[in-house]
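Comments concern the structure below.
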Amino acid sequence: MTSWDLTDMAFAAFYGPNWAELAELLLAVDTGEQPPSSFTGPQPDGAVSPFPRAVYCQDFHLPVRDYREYAAHLGRQSALARDMRFSPAALGALASCLGQPTPLPNPQHRLRVEGSPPILLANSLHDPASGYLWAVSTAQQIGHEARLLTYEGAGHGVYGRSDCTTETIDRYLTSLVVPAPGARCPAVSPPDGRARLGVRHPSLR
């Protein structure tokens with residue numbers, strides 16, 4: 001098991017979040033015992049659907065010119081985050097876009113939203129893939145049309161996390177009713193069902 005494999009499994013567990021299974025896996029790695037029965041090990045590249053890299057690279061400007069600059073970023077990152085040196089999904093996407101021709105047709109830019117119906121944004125406070133500050137920034141850029149619902153727990157994806165999040169989003173989808181400014185839903189315990197750590201989360205495919 002490489003450091004890449006271990007980081008990939010931990011990152012996938014954060015999506016659940018599947019704390020118990022991740023703890024069992026780490027204990028097995030530390031003691032040399034058999035990993036949890038649900039652990040299948042790293043998957044070969046052909047075992048998962050390919051990430052739509054061509055679309056990603058054309059729509060997202062990544063200011064990394066070549067491999068030398070890429071390697072320099074990795075070196076600085078390793079010094080700053082010794083225990084979790086990279087996000088395998090993000091790192092793979094970044095590497096695949098090296099040498100992408102410019103100018104890009106639709107690079108990221110500040111949002112320009114005017115005259116839209118209310119827009120509900122929902123984000124968990126501890127999301128491993130879509131950082132909470134991104135949601136805050138998006139709501140600020142949209143302006144008065146936006147309303148941010150904060151789920152005070154962990155994991156990726158908010159709908160279905162709790163009665164609070166699900167009912168709030170359902171009201172918006174059926175009646176365009178947005179919650180009050182600063183609306184928050186308390187965290188709930190992760191479900192008992194455990195995802196397989198050896199298989200990437202669907203949104204990483």
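By order in the structure tokens, chains are A, B, ...; within a chain, residues start at 1; ligands start at 1, following the order shown.
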
Open item on the list: Set the distance at 10 Å and use only C-alpha atoms: which residues neighbour Ala180 (chain A) once local chain neighbours fewer than 4 positions away are removed? I'd like the list as a VMD selection string.
Closed with: chain A and resid 147 to 149 184

Save the residues we just selected, C-alpha atoms, as a PDB file, in the first residue's frame?
ATOM      1  CA  ARG A 147     -29.547  31.986   0.446  1.00  0.00           C
ATOM      2  CA  LEU A 148     -27.038  29.588   2.057  1.00  0.00           C
ATOM      3  CA  LEU A 149     -28.175  26.634   4.165  1.00  0.00           C
ATOM      4  CA  ARG A 184     -28.338  26.146   9.842  1.00  0.00           C
TER       5      ARG A 184
END

Task: Picked from region 61-191 of chain A by DSSP as alpha helix (DSSP H), as an NGL selection string - done: :A and (67-80 or 88-96 or 132-142 or 163-175)

Let me see the file: selected residues, C-alpha atoms, as a JSON list (two decimals), in the first residue's frame.
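Saved as selection.json:
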[["chain", "number", "residue", "atom", "x", "y", "z"],
["A", 67, "TYR", "CA", 5.84, 19.76, -14.81],
["A", 68, "ARG", "CA", 8.58, 21.73, -13.07],
["A", 69, "GLU", "CA", 6.04, 24.15, -11.60],
["A", 70, "TYR", "CA", 3.72, 21.22, -10.79],
["A", 71, "ALA", "CA", 6.50, 19.44, -8.87],
["A", 72, "ALA", "CA", 7.35, 22.64, -7.00],
["A", 73, "HIS", "CA", 3.74, 22.95, -5.82],
["A", 74, "LEU", "CA", 3.87, 19.35, -4.57],
["A", 75, "GLY", "CA", 7.03, 20.09, -2.61],
["A", 76, "ARG", "CA", 5.50, 23.09, -0.88],
["A", 77, "GLN", "CA", 2.32, 21.16, -0.17],
["A", 78, "SER", "CA", 4.23, 18.29, 1.43],
["A", 79, "ALA", "CA", 5.90, 20.70, 3.83],
["A", 80, "LEU", "CA", 2.57, 22.30, 4.81],
["A", 88, "PRO", "CA", -5.77, 12.17, -5.29],
["A", 89, "ALA", "CA", -8.76, 13.35, -7.29],
["A", 90, "ALA", "CA", -7.62, 16.97, -7.47],
["A", 91, "LEU", "CA", -4.00, 16.03, -8.09],
["A", 92, "GLY", "CA", -4.93, 13.73, -10.96],
["A", 93, "ALA", "CA", -7.09, 16.41, -12.53],
["A", 94, "LEU", "CA", -4.33, 18.99, -12.20],
["A", 95, "ALA", "CA", -1.71, 16.71, -13.76],
["A", 96, "SER", "CA", -3.96, 15.81, -16.67],
["A", 132, "TYR", "CA", -17.63, 25.49, 2.91],
["A", 133, "LEU", "CA", -15.87, 28.77, 2.17],
["A", 134, "TRP", "CA", -16.54, 28.16, -1.53],
["A", 135, "ALA", "CA", -20.26, 28.12, -0.78],
["A", 136, "VAL", "CA", -19.96, 31.29, 1.29],
["A", 137, "SER", "CA", -18.07, 33.01, -1.53],
["A", 138, "THR", "CA", -20.60, 31.84, -4.13],
["A", 139, "ALA", "CA", -23.51, 33.19, -2.08],
["A", 140, "GLN", "CA", -21.73, 36.51, -1.67],
["A", 141, "GLN", "CA", -21.05, 36.77, -5.40],
["A", 142, "ILE", "CA", -24.67, 35.98, -6.32],
["A", 163, "ASP", "CA", -34.82, 15.85, 8.21],
["A", 164, "CYS", "CA", -33.78, 19.49, 8.53],
["A", 165, "THR", "CA", -31.73, 19.60, 5.33],
["A", 166, "THR", "CA", -34.12, 17.45, 3.31],
["A", 167, "GLU", "CA", -37.27, 19.32, 4.29],
["A", 168, "THR", "CA", -35.65, 22.72, 3.70],
["A", 169, "ILE", "CA", -34.47, 21.74, 0.22],
["A", 170, "ASP", "CA", -37.80, 20.08, -0.62],
["A", 171, "ARG", "CA", -39.67, 23.28, 0.27],
["A", 172, "TYR", "CA", -37.42, 25.22, -2.04],
["A", 173, "LEU", "CA", -37.78, 22.75, -4.92],
["A", 174, "THR", "CA", -41.57, 22.58, -4.67],
["A", 175, "SER", "CA", -42.45, 26.16, -3.70]]

TODO: For each of A:Ala81, A:Val113, A:Ala54, A:Leu125, take the minimum atom-to-atom distance to Leu98 (chain A), counting only C-alpha atoms, then give the residue where this is smallest.
DONE: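 Closest to Leu98 (chain A), using only C-alpha atoms: A:Ala54.
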
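CA of His126 (chain A) lies 4.4 Å from CA of Ala154 (chain A).
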
Neighbouring residues of Thr150 (chain A) were defined as those with any atom within 6 Å, considering only C-alpha atoms; residues of the same chain fewer than 6 positions away were excluded. Please report them as a PDB file with all heavy atoms, in the first residue's frame.
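Now in part_2.pdb:
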ATOM      1  N   ALA A 122     -26.638  24.862  -0.504  1.00  0.00           N
ATOM      2  CA  ALA A 122     -26.555  24.053   0.718  1.00  0.00           C
ATOM      3  C   ALA A 122     -25.190  23.387   0.762  1.00  0.00           C
ATOM      4  O   ALA A 122     -24.735  22.824  -0.235  1.00  0.00           O
ATOM      5  CB  ALA A 122     -27.662  23.004   0.738  1.00  0.00           C
ATOM      6  N   ASN A 123     -24.534  23.461   1.908  1.00  0.00           N
ATOM      7  CA  ASN A 123     -23.180  22.914   2.022  1.00  0.00           C
ATOM      8  C   ASN A 123     -22.934  22.479   3.450  1.00  0.00           C
ATOM      9  O   ASN A 123     -23.388  23.130   4.399  1.00  0.00           O
ATOM     10  CB  ASN A 123     -22.143  23.977   1.644  1.00  0.00           C
ATOM     11  CG  ASN A 123     -20.945  23.415   0.915  1.00  0.00           C
ATOM     12  OD1 ASN A 123     -20.865  23.503  -0.307  1.00  0.00           O
ATOM     13  ND2 ASN A 123     -20.006  22.839   1.633  1.00  0.00           N
ATOM     14  N   SER A 124     -22.221  21.371   3.606  1.00  0.00           N
ATOM     15  CA  SER A 124     -21.840  20.964   4.955  1.00  0.00           C
ATOM     16  C   SER A 124     -20.625  21.780   5.389  1.00  0.00           C
ATOM     17  O   SER A 124     -19.806  22.204   4.569  1.00  0.00           O
ATOM     18  CB  SER A 124     -21.537  19.459   5.019  1.00  0.00           C
ATOM     19  OG  SER A 124     -20.391  19.148   4.267  1.00  0.00           O
ATOM     20  N   ARG A 184     -29.280  27.224   9.579  1.00  0.00           N
ATOM     21  CA  ARG A 184     -28.338  26.146   9.842  1.00  0.00           C
ATOM     22  C   ARG A 184     -29.105  24.907  10.271  1.00  0.00           C
ATOM     23  O   ARG A 184     -30.157  25.008  10.915  1.00  0.00           O
ATOM     24  CB  ARG A 184     -27.329  26.545  10.920  1.00  0.00           C
ATOM     25  CG  ARG A 184     -26.577  27.827  10.609  1.00  0.00           C
ATOM     26  CD  ARG A 184     -25.649  28.235  11.740  1.00  0.00           C
ATOM     27  NE  ARG A 184     -24.403  27.499  11.751  1.00  0.00           N
ATOM     28  CZ  ARG A 184     -23.319  27.861  11.075  1.00  0.00           C
ATOM     29  NH1 ARG A 184     -23.351  28.945  10.313  1.00  0.00           N
ATOM     30  NH2 ARG A 184     -22.211  27.155  11.150  1.00  0.00           N
TER      31      ARG A 184
END

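For the pair CA of Val177 (chain A) and CA of Pro118 (chain A), the interatomic distance is 8.2 Å.
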
Task: Interatomic distance (Å, one decimal) between CA of Arg82 (chain A) and CA of Met9 (chain A) - done: 16.6 Å

- [ ] Measuring atom to atom with only C-alpha atoms, identify which of A:Leu176, A:Met1, A:Ala12, A:Ala28 is nearest to Ala129 (chain A).
- [x]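 Between A:Leu176, A:Met1, A:Ala12, A:Ala28, the residue approaching Ala129 (chain A) most closely is A:Ala12.
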